[in-house]
Amino acid sequence: MLDVAIHALTIVLDPSRLMFMFLGISIGLVVGLLPGLGGTVGMSILLPFIFGMDPYTGMALLIGMTAVVHTGDTFPSVLLGVPGSSGSQATIMDGYPLAQRGEAARALGAAFFSSMIGGVIGGMTLFAVIPIARPVVLAFGSPELFMMSILGLSMVGILAGKSPIRGFAAGMLGLMIGSIGGAPAVAEYRYTFDIIYLFNGIPLAVVALGLFAFPEMMDLLAAGGSISNAQKLSGSWMQGVKDALNNKWLIFRSAILGAIVGFIPGLGGSVVDWISYGQAKQTCKNTENFGKGDIRGVIAPESSNNAKEGGALIPTLLFGIPGSGTTAILLGGLSLMGLQAGPRLLTSELPLTMSIIWTLVLANIFGAGACLLLSKPIARLSTIPAKKLVPFLLVLLMAGAYQSTRHWGDFIAFVAIGLLGWAMKQLDWPRPPLLIGFVLAVSAERYLWISMSRYGFVWLGRPGVLAIGVIITVLLLAGIILKKSGSIDTTGEGGQA
Amino acid sequence: MNKSKYSLVFTVFLFILFVCLAWQASHFGELARFFPLYISIGGAVLTLAEVVVQLRRVIKESKDHVETVHDSPWLVLKYLFWVLGYLGVIYIVGFIIGTAVYLLTFLYFETKFSIVKSAFGAAVAVSLLLLFGEVMTLYWPEGMLGRALGW
């Protein structure tokens, strides 16, 4: 396998393929930078261009783009408190407070370095898992997927801060908003009130932008000043890199967690950053500053969301099971180039699989390098007065929100959820639990229904279910014990973005 | 009204919302019902508990220690009207022209830029939108006037 890997590296390093990889990286960074657009949009843009390309070049372009979306999306999350894509929601929690303190460059430096290491670990996981992937992926049935959704929902308790009742109520509101549209179990529409826009549910980008970006824009305009309260930007990206190196084990375990969550098809990447953030808050010492600008709150989600991409490619390439919209389009790309996902990618097409792994690793390194170089000048955005910056941001947010379904409902939902988010922010209701509930609503309901109709209550005794149940219990108990011992923030600020 | 009272009103609103959602869910078919019904009942119970907690807090709160919701709520309302106005202009003339109008007026009246600077800012933003729209095949809403005139 090693000789095939070396052969694949020489193919990837061919100048023409490197050029296409850099083109993919550039597009991926721009897509990540623009709020509301994600990997799916990037894939859609590139798909028409790969027709007729040789598979190595086509994959260099597509994988180069998808590998760095979660690197570029850190800019808006840290500098503006706006999630650049669904995988960078949790980065806001500590990245934005750091920018408000004038430490944006430090936060960005730590984020990009963690993203790079996370992405490389994701690629290495893909390489290591290839021989053993089949039984592991097949071991995940609907009961285990339902338990993974519950694991994500258990993060609500961790992010609820000083008021668990409000946290759980917000989580349930998120689950209810997520249940708008078609029911997974039967052909019936719920809470649509005959409004066509609601038939497919409210898009995640609209909910995330409304909940976090809109309130921030309103408050920034009303308060005047700029995002950074500090007069001068302190800290450099080098300091962020040093912070990341000081937390190498956090990067490592978050990346492994990201790769594992990524390779479970159907769970979706939107929750990986929250799970990673939750585990960091649960397992690190002295977490009283989480939610107020703790650099570890940036490092954990950033390393896991890049590692997720490597994990997500395992079921996509080996079994043709796409775990997300992005990987579904990637499968379409493979077909356009005359290939089919499946066991053949491990036998006759192994060099192509290896070239994908190399592209993933190299794109993460080059993408993070480019972002690190750009971090200092782009960090100056946080010092621009709100009245000069926000009108342009609002245009960007409106444009991003509208691309979700290209329906007027996107605008209305954006403003309505924005007002809800503003009220929650003012009245100290935690917003992250609402978003987690929303993200997991469909998968939790779908997998519970399939489990119950397929296995009755017998699924509760499956080894995988029990193992994930134990992990959830340990995480929640550890949180309670650490809270009692005073190691974890009990002020509730940690629950605020 | 102080923060505790606003908070109480917001929690009561959420409680009523959960009750309405549960009532609505009870009319769904059996397979579509179980998830939203139980979740909304759970939400109603939790928000009711929070209402009780809030009520006790409002009663106990001393008059000389009142926390307000926002330093400048009228300013927030003003900027909310700017957003709604932006949406209104988009509805009438479409996204691209609406954005140009919104940016020009906001930069001139709120940011206090000169008319030349405001026009330049709006022109740059619209050019970038058009460029990204072309490269990334993004779509913009046309607007009532655009549809009527066939732009």
# chains A, B, ... in the order shown; residues from 1 in each chain; ligands from 1
>>> residues_around(residues="range 4-11 of chain A", least_positions_apart="5", cutoff="12 Å", atoms="only C-alpha atoms", output="NGL selection string")
:A and (16-18 or 54-57 or 59-60 or 124 or 127 or 346-362)
>>> interface_residues(of="chain A", to="chain B", cutoff="6 Å", atoms="only C-alpha atoms", output="ChimeraX atom specification")
/A:45,169,172,183,218,222,387,427
>>> write_last_selection(atoms="C-alpha atoms", output="short mmCIF file (atom, residue, chain, number, x, y, z; two decimals), in the first residue's frame")
data_model
loop_
_atom_site.label_atom_id
_atom_site.label_comp_id
_atom_site.auth_asym_id
_atom_site.auth_seq_id
_atom_site.Cartn_x
_atom_site.Cartn_y
_atom_site.Cartn_z
CA ILE A 45 -20.00 25.53 -8.76
CA ALA A 169 -36.39 24.55 26.78
CA MET A 172 -36.77 21.74 22.59
CA ALA A 183 -42.48 14.16 8.59
CA MET A 218 -28.35 45.22 15.64
CA ALA A 222 -26.96 50.55 18.47
CA LYS A 387 -21.69 52.03 11.05
CA LEU A 427 -32.94 38.05 28.22
#
>>> atom_distance(atom1="CA of Trp459 in chain A", atom2="CA of Gly342 in chain A")
28.5 Å
>>> select_by_dssp(residues="range 156-274 of chain A", states="alpha helix (DSSP H)", output="PyMOL selection string")
chain A and resi 156-159+164-178+204-208+214-223+237-246+248-262+272-274
>>> residues_around(residues="Thr91 in chain A", least_positions_apart="4", cutoff="7 Å", atoms="only C-alpha atoms", output="ChimeraX atom specification")
/A:77-78,95,297-298,301-302
>>> residues_around(residues="Leu153 in chain A", least_positions_apart="4", cutoff="12 Å", atoms="only C-alpha atoms", output="VMD selection string")
chain A and resid 146 to 149 157 to 160 167 to 168 170 to 172 174 to 175 271 to 272 274 to 275 278 432 to 441 443 to 444 472 475 to 476
>>> atom_distance(atom1="CA of Val474 in chain A", atom2="CA of Arg296 in chain A")
21.3 Å
>>> residues_around(residues="Glu142 in chain B", least_positions_apart="5", cutoff="10 Å", atoms="only C-alpha atoms", output="ChimeraX atom specification")
/B:90-98,147-148,150-151
>>> write_last_selection(atoms="C-alpha atoms", output="mmCIF file, in the first residue's frame")
data_model
loop_
_atom_site.group_PDB
_atom_site.id
_atom_site.type_symbol
_atom_site.label_atom_id
_atom_site.label_comp_id
_atom_site.auth_asym_id
_atom_site.auth_seq_id
_atom_site.Cartn_x
_atom_site.Cartn_y
_atom_site.Cartn_z
ATOM 1 C CA ILE B 90 -35.846 44.680 -2.494
ATOM 2 C CA TYR B 91 -39.493 43.681 -2.844
ATOM 3 C CA ILE B 92 -40.192 46.664 -5.084
ATOM 4 C CA VAL B 93 -37.077 47.053 -7.238
ATOM 5 C CA GLY B 94 -35.217 43.764 -6.768
ATOM 6 C CA PHE B 95 -32.058 42.810 -4.886
ATOM 7 C CA ILE B 96 -29.346 44.549 -6.888
ATOM 8 C CA ILE B 97 -31.016 47.967 -7.274
ATOM 9 C CA GLY B 98 -32.491 47.657 -3.757
ATOM 10 C CA ARG B 147 -41.318 41.511 -12.947
ATOM 11 C CA ALA B 148 -43.871 44.073 -14.146
ATOM 12 C CA GLY B 150 -39.825 42.473 -17.600
ATOM 13 C CA TRP B 151 -36.274 43.495 -16.527
#
>>> atom_distance(atom1="CA of Gly400 in chain A", atom2="CA of Gly143 in chain B")
17.6 Å
